[in-house]
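Peer 1: Coordinates in query-v6.txt, compact mmCIF, C-alpha atoms and all ligand atoms, are listed below.
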```txt
# COMPACT_ATOMS: atom_id res chain seq x y z
CA MET U 151 0.51 -11.00 26.65
CA LEU U 152 4.23 -10.78 26.87
CA ARG U 153 4.42 -14.31 25.60
CA ASP U 154 3.27 -13.05 22.22
CA ALA U 155 6.62 -11.42 21.89
CA THR U 156 8.37 -14.76 22.05
CA ILE U 157 10.37 -15.46 18.97
CA ASN U 158 12.43 -18.42 18.09
CA PHE U 159 15.03 -18.61 15.41
CA ASP U 160 17.12 -21.38 16.78
CA THR U 161 19.01 -22.68 13.80
CA THR U 162 19.60 -26.07 15.31
CA GLY U 163 15.98 -27.14 15.28
CA THR U 164 12.88 -26.34 13.32
CA PRO U 165 12.93 -23.66 10.64
CA PRO U 166 12.63 -20.25 12.21
CA ILE U 167 9.95 -17.68 11.65
CA ALA U 168 10.43 -15.11 8.93
CA ALA U 169 12.63 -12.80 10.95
CA GLY U 170 15.19 -15.49 11.42
CA GLN U 171 15.65 -16.49 7.80
CA ALA U 172 18.89 -14.63 7.34
CA PHE U 173 20.27 -16.01 10.56
CA ALA U 174 19.17 -19.53 9.78
CA GLY U 175 20.83 -19.85 6.40
CA LYS U 176 24.14 -21.27 7.55
CA ARG U 177 26.24 -20.32 4.57
CA MET U 178 24.30 -17.85 2.58
CA ASP U 179 25.56 -16.66 -0.79
CA ASP U 180 24.83 -13.05 -0.06
CA ARG U 181 26.83 -13.25 3.10
CA LYS U 182 29.46 -10.81 1.86
CA SER U 183 26.81 -8.15 1.44
CA ALA U 184 25.87 -8.36 5.10
CA LYS U 185 25.60 -4.96 6.73
CA PRO U 186 27.55 -4.06 8.73
CA THR U 187 30.35 -6.07 7.24
CA PRO U 188 32.17 -8.31 9.69
CA GLU U 189 35.48 -6.61 8.94
CA ALA U 190 34.10 -3.21 9.83
CA ALA U 191 32.15 -4.37 12.84
CA CYS U 192 35.06 -5.86 14.72
CA GLU U 193 37.24 -2.79 15.06
CA GLN U 194 36.44 -2.69 18.79
CA THR U 195 37.81 -6.22 19.02
CA ASP U 196 40.96 -5.09 17.21
CA TRP U 197 41.38 -2.22 19.67
CA LEU U 198 41.01 -4.57 22.61
CA VAL U 199 43.57 -6.97 21.12
CA ALA U 200 45.97 -4.01 20.71
CA VAL U 201 45.43 -3.09 24.35
CA ARG U 202 46.10 -6.69 25.35
CA ASP U 203 49.13 -7.36 23.15
CA LYS U 204 50.76 -3.91 22.93
CA ARG U 205 49.35 -2.00 25.90
CA ASP U 206 48.27 0.50 23.24
CA LYS U 207 46.86 3.60 24.95
CA LEU U 208 45.47 5.07 21.75
CA ALA U 209 43.48 1.91 21.17
CA PHE U 210 42.31 2.12 24.77
CA ALA U 211 41.18 5.71 24.21
CA ARG U 212 39.14 4.52 21.24
CA LEU U 213 37.54 1.83 23.37
CA TYR U 214 36.79 4.47 26.00
CA ASP U 215 35.20 6.81 23.47
CA HIS U 216 33.08 4.02 22.02
CA PHE U 217 31.98 2.24 25.17
CA SER U 218 31.82 4.76 28.01
CA PRO U 219 28.68 6.58 26.73
CA ARG U 220 27.01 3.28 25.90
CA LEU U 221 27.86 1.74 29.25
CA LYS U 222 26.65 4.82 31.09
CA GLY U 223 23.41 4.78 29.10
CA MET U 224 22.87 1.09 29.82
CA LEU U 225 23.57 1.42 33.53
CA VAL U 226 21.26 4.42 33.91
CA ARG U 227 18.51 2.57 32.05
CA SER U 228 18.87 -0.40 34.36
CA GLY U 229 18.27 1.86 37.33
CA MET U 230 21.48 3.54 38.48
CA THR U 231 21.95 7.26 39.08
CA GLN U 232 24.29 9.05 36.69
CA ALA U 233 26.95 9.41 39.39
CA ALA U 234 26.77 5.73 40.35
CA ALA U 235 26.81 4.73 36.68
CA GLU U 236 29.95 6.79 36.08
CA ASP U 237 31.65 5.13 39.04
CA VAL U 238 30.87 1.74 37.52
CA VAL U 239 32.05 2.86 34.05
CA GLN U 240 35.33 3.99 35.61
CA ASP U 241 35.83 0.58 37.24
CA VAL U 242 34.87 -1.21 34.05
CA MET U 243 37.29 0.77 31.87
CA LEU U 244 40.14 0.23 34.33
CA THR U 245 39.31 -3.47 34.58
CA ILE U 246 39.50 -3.69 30.77
CA TRP U 247 43.00 -2.18 30.93
CA ARG U 248 44.19 -4.37 33.80
CA LYS U 249 42.59 -7.66 32.79
CA ALA U 250 43.11 -7.43 29.03
CA HIS U 251 45.48 -10.41 29.23
CA LEU U 252 42.43 -12.59 29.95
CA TYR U 253 40.61 -11.54 26.79
CA ASP U 254 40.14 -14.28 24.16
CA GLU U 255 38.84 -13.05 20.81
CA THR U 256 38.00 -16.57 19.62
CA ARG U 257 35.28 -16.76 22.28
CA ALA U 258 34.09 -13.21 22.74
CA ARG U 259 33.75 -10.00 20.77
CA ALA U 260 35.00 -6.93 22.63
CA SER U 261 31.46 -5.76 23.34
CA ALA U 262 30.50 -9.16 24.81
CA TRP U 263 33.51 -9.23 27.13
CA ILE U 264 32.92 -5.65 28.21
CA TYR U 265 29.20 -6.31 28.68
CA ARG U 266 30.10 -9.06 31.14
CA ILE U 267 32.60 -6.92 33.05
CA ALA U 268 29.99 -4.16 33.33
CA ARG U 269 27.34 -6.52 34.69
CA ASN U 270 29.77 -8.03 37.17
CA ARG U 271 30.76 -4.64 38.51
CA GLN U 272 27.23 -3.25 38.51
CA ILE U 273 25.95 -6.18 40.56
CA ASP U 274 28.90 -6.08 42.97
CA VAL U 275 27.92 -2.47 43.66
CA ILE U 276 24.13 -2.86 43.79
CA ARG U 277 24.18 -5.92 46.03
CA ARG U 278 27.20 -4.87 48.07
CA ARG U 279 28.66 -8.35 47.76
CA PRO U 280 30.68 -10.00 45.00
CA ARG U 281 28.62 -11.36 42.15
CA PRO U 282 29.09 -15.14 41.85
CA VAL U 283 30.98 -15.71 38.59
CA PRO U 284 32.10 -18.92 36.84
CA ASP U 285 35.68 -20.05 37.40
CA GLU U 286 37.83 -18.54 34.65
CA LEU U 287 38.88 -20.80 31.83
CA ILE U 288 42.06 -18.99 30.99
CA ALA U 289 43.56 -18.91 27.54
CA GLU U 290 47.28 -18.38 27.97
CA ALA U 291 48.86 -16.23 25.28
CA GLU U 292 50.96 -19.06 23.81
CA THR U 293 47.96 -21.35 23.28
CA ARG U 294 45.92 -18.52 21.80
CA GLU U 295 48.41 -18.00 18.98
CA THR U 296 48.19 -21.62 17.89
CA ARG U 297 44.46 -21.43 17.42
CA GLU U 298 43.02 -20.53 14.06
CA ALA U 299 42.83 -16.81 13.45
CA ASP U 300 39.68 -17.71 11.54
CA ALA U 301 37.81 -18.46 14.74
CA ALA U 302 37.45 -14.78 15.63
CA ILE U 303 36.33 -13.90 12.11
CA GLU U 304 33.77 -16.68 12.07
CA LEU U 305 32.44 -15.52 15.41
CA GLU U 306 32.17 -12.03 13.92
CA GLN U 307 30.19 -13.39 10.98
CA GLU U 308 27.77 -15.17 13.27
CA ALA U 309 27.36 -11.93 15.21
CA ALA U 310 26.62 -9.99 12.02
CA GLN U 311 23.91 -12.49 11.15
CA LEU U 312 22.38 -12.33 14.61
CA ARG U 313 22.34 -8.54 14.41
CA GLN U 314 20.57 -8.71 11.06
CA ALA U 315 18.05 -11.15 12.43
CA ILE U 316 17.31 -8.91 15.42
CA GLU U 317 17.01 -5.86 13.15
CA ALA U 318 14.53 -7.70 10.96
CA LEU U 319 12.21 -8.37 13.90
CA PRO U 320 8.94 -6.51 14.34
CA GLU U 321 9.45 -3.42 16.47
CA ALA U 322 7.74 -4.79 19.58
CA GLN U 323 9.83 -7.96 19.65
CA ARG U 324 13.04 -6.11 19.02
CA GLU U 325 12.24 -3.79 21.88
CA ILE U 326 11.70 -6.70 24.30
CA ILE U 327 15.07 -8.19 23.32
CA GLU U 328 16.79 -4.84 23.77
CA ARG U 329 15.17 -4.21 27.12
CA ALA U 330 16.15 -7.67 28.35
CA TYR U 331 19.84 -7.18 27.57
CA VAL U 332 19.91 -3.58 28.76
CA GLY U 333 18.74 -4.97 32.09
CA GLU U 334 15.22 -3.59 32.31
CA LEU U 335 13.38 -6.91 32.58
CA THR U 336 12.99 -9.03 35.70
CA GLN U 337 13.82 -12.72 35.89
CA ALA U 338 10.10 -13.55 35.60
CA GLU U 339 9.67 -11.31 32.54
CA ILE U 340 12.67 -12.89 30.84
CA ARG U 341 11.25 -16.33 31.55
CA GLU U 342 7.98 -15.30 29.92
CA ALA U 343 9.06 -13.08 27.15
CA THR U 344 12.36 -13.49 25.44
CA GLY U 345 12.61 -16.59 23.32
CA LEU U 346 15.70 -15.51 21.43
CA ALA U 347 17.59 -18.66 20.52
CA LEU U 348 21.33 -18.48 20.01
CA GLY U 349 22.07 -22.02 18.81
CA THR U 350 24.65 -21.35 16.09
CA ILE U 351 26.60 -18.85 18.14
CA LYS U 352 26.57 -21.20 21.08
CA SER U 353 27.98 -23.97 18.87
CA ARG U 354 30.72 -21.67 17.57
CA ILE U 355 31.81 -20.74 21.10
CA ARG U 356 31.53 -24.37 22.22
CA LEU U 357 34.03 -25.28 19.51
CA ALA U 358 36.44 -22.62 20.70
CA LEU U 359 36.13 -23.96 24.26
CA GLU U 360 36.86 -27.51 23.09
CA LYS U 361 40.01 -26.36 21.32
CA LEU U 362 41.07 -24.45 24.38
CA ARG U 363 40.55 -27.54 26.57
CA HIS U 364 42.70 -29.58 24.19
CA GLU U 365 45.49 -27.06 24.20
CA LEU U 366 45.46 -26.68 27.94
CA ARG U 367 45.70 -30.47 28.22
CA ASP U 368 48.59 -30.64 25.74
CA LEU U 369 50.36 -27.88 27.63
CA ARG U 370 50.02 -29.78 30.89
CA GLU U 371 51.43 -32.96 29.32
CA GLU U 372 54.51 -31.33 27.86
CA MET F 1079 34.56 -35.73 34.55
CA THR F 1080 31.26 -37.56 34.10
CA GLU F 1081 28.86 -36.49 31.41
CA ILE F 1082 26.51 -33.74 32.54
CA THR F 1083 22.98 -34.46 31.36
CA HIS F 1084 20.85 -31.93 33.24
CA HIS F 1085 21.59 -28.34 32.25
CA LEU F 1086 20.34 -24.86 33.05
CA PRO F 1087 17.18 -23.71 31.25
CA ASP F 1088 17.72 -20.93 28.68
CA TRP F 1089 15.81 -18.28 30.59
CA LEU F 1090 18.02 -18.82 33.63
CA VAL F 1091 21.23 -18.40 31.63
CA ARG F 1092 19.79 -15.26 30.05
CA SER F 1093 18.61 -13.86 33.39
CA TYR F 1094 22.11 -14.37 34.78
CA ALA F 1095 23.74 -12.73 31.76
CA THR F 1096 21.49 -9.67 31.92
CA GLY F 1097 21.96 -9.27 35.65
CA SER F 1098 18.35 -9.86 36.66
CA LEU F 1099 18.99 -12.96 38.78
CA GLY F 1100 19.18 -12.83 42.59
CA HIS F 1101 22.28 -13.92 44.49
CA ALA F 1102 21.18 -17.47 45.36
CA PHE F 1103 20.30 -18.46 41.77
CA SER F 1104 23.35 -16.64 40.42
CA LEU F 1105 25.46 -18.82 42.67
CA VAL F 1106 24.01 -21.99 41.12
CA VAL F 1107 24.47 -20.67 37.58
CA ALA F 1108 28.10 -19.69 38.26
CA ALA F 1109 28.82 -23.03 39.93
CA HIS F 1110 27.25 -25.06 37.11
CA VAL F 1111 28.96 -23.06 34.34
CA SER F 1112 32.28 -23.58 36.15
CA GLN F 1113 32.05 -27.29 35.32
CA CYS F 1114 29.88 -27.31 32.18
CA ASP F 1115 31.34 -26.10 28.87
CA GLU F 1116 27.97 -26.48 27.17
CA CYS F 1117 26.38 -23.91 29.46
CA ARG F 1118 29.54 -21.78 29.46
CA ALA F 1119 29.13 -21.52 25.68
CA ARG F 1120 25.45 -20.68 26.11
CA LEU F 1121 26.28 -17.97 28.64
CA GLU F 1122 28.96 -16.50 26.37
CA ALA F 1123 26.46 -16.53 23.48
CA GLU F 1124 24.05 -14.54 25.68
CA GLU F 1125 26.83 -12.10 26.44
CA LEU F 1126 27.52 -11.77 22.73
CA ALA F 1127 23.89 -10.78 22.22
CA GLY F 1128 24.19 -8.38 25.16
CA GLY F 1129 27.27 -6.89 23.51
CA LEU F 1130 25.39 -6.38 20.25
CA VAL F 1131 22.66 -4.48 22.08
CA LEU F 1132 25.29 -2.47 23.94
CA ASP F 1133 27.03 -1.61 20.66
CA ASP F 1134 23.79 -0.25 19.19
CA LEU F 1135 22.66 1.56 22.30
CA LYS F 1136 22.05 5.27 22.35
CA GLY F 1137 24.66 6.45 24.79
CA MET F 1138 24.73 9.10 27.47
CA ALA F 1139 27.64 11.55 27.44
CA PRO F 1140 30.03 10.90 30.31
CA SER F 1141 31.47 13.85 32.25
CA ASP F 1142 34.96 15.19 31.51
CA ASP F 1143 35.81 14.23 35.03
CA LEU F 1144 35.20 10.55 34.26
CA ARG F 1145 37.64 10.63 31.38
CA ARG F 1146 40.29 12.16 33.62
CA ARG F 1147 39.67 9.63 36.39
CA VAL F 1148 40.00 6.72 33.96
CA PHE F 1149 43.14 7.90 32.20
CA ASP F 1150 44.79 8.86 35.49
CA GLY F 1151 44.18 5.32 36.66
CA LEU F 1152 46.01 3.63 33.77
CA ASP F 1153 49.47 4.06 35.24
CA ASP F 1154 48.49 2.87 38.67
CA ASP F 1155 50.21 -0.49 38.42
CA ASP F 1156 49.67 -1.33 42.07
CA ALA F 1157 45.92 -1.19 41.73
CA ILE F 1158 44.30 -4.25 43.21
CA VAL F 1159 41.94 -6.14 40.96
CA ALA F 1160 39.50 -8.07 43.10
CA GLU F 1161 39.48 -11.77 42.28
CA GLN F 1162 37.05 -14.46 43.26
CA PRO F 1163 38.82 -17.26 45.15
CA ALA F 1164 39.93 -20.33 43.21
CA ARG F 1165 38.08 -23.64 43.24
CA ALA F 1166 38.72 -25.70 46.40
CA GLY F 1167 38.18 -29.45 45.94
CA ILE F 1168 34.58 -30.02 44.89
CA TYR F 1169 33.63 -26.38 45.51
CA PRO F 1170 33.74 -23.91 42.58
CA GLY F 1171 35.23 -20.48 43.32
CA ALA F 1172 31.83 -18.82 43.63
CA VAL F 1173 30.86 -21.31 46.35
CA VAL F 1174 34.20 -20.83 48.15
CA GLU F 1175 33.51 -17.09 48.11
CA ALA F 1176 30.02 -17.63 49.55
CA MET F 1177 31.32 -20.04 52.23
CA GLY F 1178 34.00 -17.55 53.24
CA ALA F 1179 36.27 -20.58 53.72
CA ASP F 1180 37.58 -23.62 51.86
CA SER F 1181 35.08 -25.95 53.49
CA PRO F 1182 31.48 -25.62 54.71
CA ARG F 1183 30.49 -25.06 58.31
CA TRP F 1184 28.06 -27.95 58.53
CA ARG F 1185 25.17 -28.04 60.99
CA ALA F 1186 23.44 -31.33 61.72
CA LEU F 1187 19.79 -31.60 60.77
CA GLY F 1188 19.30 -35.15 62.11
CA GLY F 1189 19.54 -38.52 60.39
CA GLY F 1190 23.09 -37.80 59.33
CA ILE F 1191 21.92 -34.97 57.09
CA LYS F 1192 23.72 -31.67 57.41
CA GLN F 1193 23.40 -28.25 55.89
CA ALA F 1194 25.41 -25.04 55.62
CA ILE F 1195 23.57 -21.83 54.78
CA LEU F 1196 25.49 -19.75 52.26
CA SER F 1197 23.21 -16.80 51.68
CA GLU F 1198 19.78 -15.54 52.55
CA ASP F 1199 18.06 -12.43 51.36
CA LYS F 1200 14.60 -11.34 50.33
CA GLU F 1201 15.08 -12.89 46.89
CA GLY F 1202 15.91 -16.34 48.18
CA SER F 1203 18.46 -18.51 49.90
CA ALA F 1204 21.31 -20.85 49.02
CA ARG F 1205 22.76 -23.64 51.09
CA LEU F 1206 24.85 -26.76 50.87
CA LEU F 1207 23.30 -30.09 51.76
CA TYR F 1208 25.17 -33.18 52.97
CA ILE F 1209 23.22 -36.39 52.51
CA PRO F 1210 24.69 -39.80 53.51
CA PRO F 1211 24.45 -42.61 50.91
CA GLY F 1212 20.96 -44.05 50.54
CA MET F 1213 19.37 -41.35 52.70
CA ALA F 1214 16.32 -39.48 51.52
CA VAL F 1215 16.37 -35.73 51.50
CA PRO F 1216 13.27 -34.90 53.52
CA ASP F 1217 10.25 -34.48 51.32
CA HIS F 1218 9.60 -30.82 50.85
CA THR F 1219 7.11 -28.70 49.00
CA HIS F 1220 8.15 -25.55 47.28
CA GLY F 1221 6.64 -22.13 47.33
CA GLY F 1222 8.65 -21.20 44.28
CA LEU F 1223 11.53 -22.44 42.22
CA GLU F 1224 14.31 -24.62 43.54
CA LEU F 1225 17.64 -25.33 41.83
CA THR F 1226 19.80 -28.19 43.08
CA LEU F 1227 23.31 -28.70 41.73
CA VAL F 1228 25.22 -31.88 42.59
CA LEU F 1229 28.81 -31.26 43.68
CA GLN F 1230 29.62 -34.79 44.88
CA GLY F 1231 27.91 -38.19 44.65
CA SER F 1232 24.43 -38.29 43.17
CA PHE F 1233 20.74 -38.33 43.96
CA SER F 1234 17.71 -39.77 42.23
CA ASP F 1235 14.09 -38.83 42.40
CA GLU F 1236 10.88 -39.26 40.44
CA THR F 1237 12.34 -37.25 37.56
CA GLY F 1238 15.66 -39.07 37.10
CA ARG F 1239 19.24 -39.44 38.30
CA PHE F 1240 21.47 -36.44 38.97
CA GLY F 1241 25.24 -36.85 39.07
CA VAL F 1242 28.10 -34.41 39.59
CA GLY F 1243 27.48 -31.20 37.65
CA ASP F 1244 23.81 -31.94 37.00
CA VAL F 1245 21.29 -29.34 38.03
CA GLU F 1246 17.67 -30.08 38.87
CA VAL F 1247 15.12 -27.35 38.31
CA ALA F 1248 12.06 -28.01 40.48
CA ASP F 1249 9.03 -25.81 40.08
CA ASP F 1250 6.40 -25.50 42.77
CA ASP F 1251 4.29 -28.21 41.18
CA LEU F 1252 6.97 -30.85 41.76
CA ASP F 1253 6.60 -32.74 45.04
CA HIS F 1254 9.64 -34.96 44.96
CA THR F 1255 11.75 -37.14 47.23
CA PRO F 1256 15.40 -37.20 46.25
CA ILE F 1257 17.45 -40.14 47.56
CA ALA F 1258 21.24 -40.01 47.70
CA GLY F 1259 23.14 -42.59 45.61
CA MET F 1260 24.98 -45.41 47.39
CA GLU F 1261 28.40 -44.60 45.89
CA ASP F 1262 29.25 -41.63 48.09
CA VAL F 1263 27.94 -38.91 50.35
CA CYS F 1264 25.88 -36.58 48.19
CA ILE F 1265 26.77 -32.92 48.52
CA CYS F 1266 24.57 -30.42 46.67
CA LEU F 1267 24.15 -26.72 46.34
CA ALA F 1268 20.46 -25.87 46.67
CA ALA F 1269 18.91 -22.49 46.01
CA THR F 1270 15.33 -21.37 46.23
CA ASP F 1271 13.40 -18.16 45.82
CA ALA F 1272 11.01 -19.11 48.64
CA PRO F 1273 11.48 -20.49 52.16
CA LEU F 1274 11.72 -24.28 52.09
CA LYS F 1275 9.20 -26.26 54.10
CA PHE F 1276 10.11 -29.77 55.09
CA LYS F 1277 7.12 -32.03 55.53
CA GLY F 1278 8.92 -34.93 57.20
CA LEU F 1279 11.82 -35.05 59.61
CA LEU F 1280 11.30 -31.80 61.46
CA PRO F 1281 8.23 -30.31 63.06
CA ARG F 1282 7.30 -26.99 61.57
CA LEU F 1283 7.84 -25.29 64.90
CA LEU F 1284 11.55 -25.96 64.66
CA GLN F 1285 11.95 -24.33 61.30
CA PRO F 1286 12.99 -20.88 62.46
CA ILE F 1287 15.64 -22.37 64.73
CA PHE F 1288 17.11 -24.54 62.02
CA ARG F 1289 16.61 -21.88 59.39
CA ILE F 1290 15.34 -24.30 56.81
ZN ZN E 1301 25.22 -27.24 31.54
```
So, in terms of structure tokens, how does the structure I just supplied come out?
Ligand SMILES: [Zn+2]

Peer 2:
Amino acid sequence: MLRDATINFDTTGTPPIAAGQAFAGKRMDDRKSAKPTPEAACEQTDWLVAVRDKRDKLAFARLYDHFSPRLKGMLVRSGMTQAAAEDVVQDVMLTIWRKAHLYDETRARASAWIYRIARNRQIDVIRRRPRPVPDELIAEAETRETREADAAIELEQEAAQLRQAIEALPEAQREIIERAYVGELTQAEIREATGLALGTIKSRIRLALEKLRHELRDLREE
Amino acid sequence: MTEITHHLPDWLVRSYATGSLGHAFSLVVAAHVSQCDECRARLEAEELAGGLVLDDLKGMAPSDDLRRRVFDGLDDDDAIVAEQPARAGIYPGAVVEAMGADSPRWRALGGGIKQAILSEDKEGSARLLYIPPGMAVPDHTHGGLELTLVLQGSFSDETGRFGVGDVEVADDDLDHTPIAGMEDVCICLAATDAPLKFKGLLPRLLQPIFRI
């Protein structure tokens, strides 16, 4: 039954079902009218960049006000007590402050990077052992500046289209997607139920990784 | 770096991103992503989707105390941020962490084959396998899902050839016999969500002792 909720709007392959039309059109004319606009939607990313580059405490306070209720809500929904969730939120917010130098806006929006930090910390705590994480592919500040500033904006545009596509889904499908990312579905349920394809966004991030690899190589050869 | 041709299935990347994967499978995902930019991009795309959901989530008001604890912590420059160990040789950082050392503590299984158990819990187990060139990994049937990531050398079975970085996803309907390539000792990270049962090599009675 869950399988009925499977949707597929992978833009790399066959044309997607109706819900994915907006997402599938690679360069749509009405792109500028997308709601929310990319410029408005990435203010969290701007705050995080200000924390990283200027150690801006006001920007950090904004990040705290935006993310701490959401993180707490997510952690409680995925099974933690309020007290345990607040402990994790505290660790996450302090990790954001202390590890901001590792943040790369050409690969991740603020919410994506923070989502990962929250999962890492939550699982460390629940399993009482460190969550296995991929080796970091670190973007040093000097290489980051040489990359196109456009990359972050393009990533933001892809994100706006994905959000639209998710919003256009029938209620039941949208709810499955939300529950999966909130952390309410098991591995088996995800395998059965959530056919959300992320082809274009994957390609965008893949490009950013390739550029980073090049620059790290150049740096090593200098 | 040789071309990686066998990647993680989508649902596994998503299960890792959303935190619903057990330790043993998470270890394989982290180790594969460490050497595969294609799957790193897929994982980061999943996290982007997770971030979108987080952004739109109805929140839950945090206590005033939490705010104070966080802002008091900002000036604590000596705070230790826990780091996973760095990669050591063929072993990605996540594997080094699970080994608790820079190299595995191998235990002989017979026929030159060795293993090192990395983790075991009710959700599954992960171990490293050491298979001399040309040797067959004992034929085993699965009670669940098995992921095998090649860290050194290669192996081939009925489904194809797996080189460094490749991951094989074997469901319980696959009864296969992997054979190590001749070019080098094959070292793999294998994880399963069910106890492995070897049909050859070892009598069943010995299984508890060898913890297979
Ligand atoms: Zn891969």

Peer 1: Taking only C-alpha atoms and all ligand atoms into account, report as a CSV table (one decimal) with C-alpha atoms, keeping the file's coordinate frame which residues have an atom no farther than 9 Å from an atom of ligand ZN 1301 (chain E).

Peer 2:
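Heads up, here's the output in out.csv:
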```csv
chain,number,residue,atom,x,y,z
F,1082,ILE,CA,26.5,-33.7,32.5
F,1083,THR,CA,23.0,-34.5,31.4
F,1084,HIS,CA,20.8,-31.9,33.2
F,1085,HIS,CA,21.6,-28.3,32.2
F,1086,LEU,CA,20.3,-24.9,33.0
F,1087,PRO,CA,17.2,-23.7,31.2
F,1107,VAL,CA,24.5,-20.7,37.6
F,1110,HIS,CA,27.2,-25.1,37.1
F,1111,VAL,CA,29.0,-23.1,34.3
F,1113,GLN,CA,32.0,-27.3,35.3
F,1114,CYS,CA,29.9,-27.3,32.2
F,1115,ASP,CA,31.3,-26.1,28.9
F,1116,GLU,CA,28.0,-26.5,27.2
F,1117,CYS,CA,26.4,-23.9,29.5
F,1118,ARG,CA,29.5,-21.8,29.5
F,1120,ARG,CA,25.4,-20.7,26.1
F,1243,GLY,CA,27.5,-31.2,37.6
F,1244,ASP,CA,23.8,-31.9,37.0
F,1245,VAL,CA,21.3,-29.3,38.0
```

Peer 1: Identify, on the basis of all atoms listed in the file, every residue whose closest approach to Gln1193 in chain F does not exceed 7 Å; exclude the query and any residue fewer than 3 positions from it along the same chain; express the result as a list in words.

Peer 2: Trp1184, Arg1185, Ala1186, Leu1187, Arg1205, Leu1206, Leu1207 and Tyr1208 of chain F

Peer 1: Could you please tell me, as number ranges by chain, which residues of chain F have an atom within 8 Å of chain U when using all atoms listed in the file?

Peer 2: F: 1089-1090, 1092-1093, 1095-1099, 1101, 1104-1105, 1107-1112, 1115-1116, 1118-1120, 1122-1133, 1135-1140, 1144, 1147-1148, 1151-1152, 1159, 1162, 1164-1165, 1170-1173, 1175

Peer 1: Taking C-alpha atoms for each residue, export the selection above as a compact mmCIF listing (two decimals), in the coordinates of the input.

Peer 2:
```txt
# COMPACT_ATOMS: atom_id res chain seq x y z
CA TRP F 1089 15.81 -18.28 30.59
CA LEU F 1090 18.02 -18.82 33.63
CA ARG F 1092 19.79 -15.26 30.05
CA SER F 1093 18.61 -13.86 33.39
CA ALA F 1095 23.74 -12.73 31.76
CA THR F 1096 21.49 -9.67 31.92
CA GLY F 1097 21.96 -9.27 35.65
CA SER F 1098 18.35 -9.86 36.66
CA LEU F 1099 18.99 -12.96 38.78
CA HIS F 1101 22.28 -13.92 44.49
CA SER F 1104 23.35 -16.64 40.42
CA LEU F 1105 25.46 -18.82 42.67
CA VAL F 1107 24.47 -20.67 37.58
CA ALA F 1108 28.10 -19.69 38.26
CA ALA F 1109 28.82 -23.03 39.93
CA HIS F 1110 27.25 -25.06 37.11
CA VAL F 1111 28.96 -23.06 34.34
CA SER F 1112 32.28 -23.58 36.15
CA ASP F 1115 31.34 -26.10 28.87
CA GLU F 1116 27.97 -26.48 27.17
CA ARG F 1118 29.54 -21.78 29.46
CA ALA F 1119 29.13 -21.52 25.68
CA ARG F 1120 25.45 -20.68 26.11
CA GLU F 1122 28.96 -16.50 26.37
CA ALA F 1123 26.46 -16.53 23.48
CA GLU F 1124 24.05 -14.54 25.68
CA GLU F 1125 26.83 -12.10 26.44
CA LEU F 1126 27.52 -11.77 22.73
CA ALA F 1127 23.89 -10.78 22.22
CA GLY F 1128 24.19 -8.38 25.16
CA GLY F 1129 27.27 -6.89 23.51
CA LEU F 1130 25.39 -6.38 20.25
CA VAL F 1131 22.66 -4.48 22.08
CA LEU F 1132 25.29 -2.47 23.94
CA ASP F 1133 27.03 -1.61 20.66
CA LEU F 1135 22.66 1.56 22.30
CA LYS F 1136 22.05 5.27 22.35
CA GLY F 1137 24.66 6.45 24.79
CA MET F 1138 24.73 9.10 27.47
CA ALA F 1139 27.64 11.55 27.44
CA PRO F 1140 30.03 10.90 30.31
CA LEU F 1144 35.20 10.55 34.26
CA ARG F 1147 39.67 9.63 36.39
CA VAL F 1148 40.00 6.72 33.96
CA GLY F 1151 44.18 5.32 36.66
CA LEU F 1152 46.01 3.63 33.77
CA VAL F 1159 41.94 -6.14 40.96
CA GLN F 1162 37.05 -14.46 43.26
CA ALA F 1164 39.93 -20.33 43.21
CA ARG F 1165 38.08 -23.64 43.24
CA PRO F 1170 33.74 -23.91 42.58
CA GLY F 1171 35.23 -20.48 43.32
CA ALA F 1172 31.83 -18.82 43.63
CA VAL F 1173 30.86 -21.31 46.35
CA GLU F 1175 33.51 -17.09 48.11
```

Peer 1: Can you work out which one of F:Tyr1094, F:Asp1253, F:Tyr1169, F:Asp1271 has the shortest atom-to-atom distance to Ser1197 in chain F, counting only C-alpha atoms?

Peer 2: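 Closest candidate: F:Asp1271.
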
Peer 1: What is the distance, in Å and to one decimal place, between CA of Glu304 in chain U and CA of Ile267 in chain U?

Peer 2: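 A separation of 23.2 Å between them.
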
Peer 1: Rounded to one decimal, what separation in Å do you get between CA of Ile288 in chain U and CA of Ala1166 in chain F?

Peer 2: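 Calculated distance between CA of Ile288 in chain U and CA of Ala1166 in chain F is 17.1 Å.
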
Peer 1: Rounded to one decimal in Å, what is the spacing between CA of Leu1267 in chain F and CA of Phe1240 in chain F?

Peer 2: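 These atoms are spaced 12.5 Å apart.
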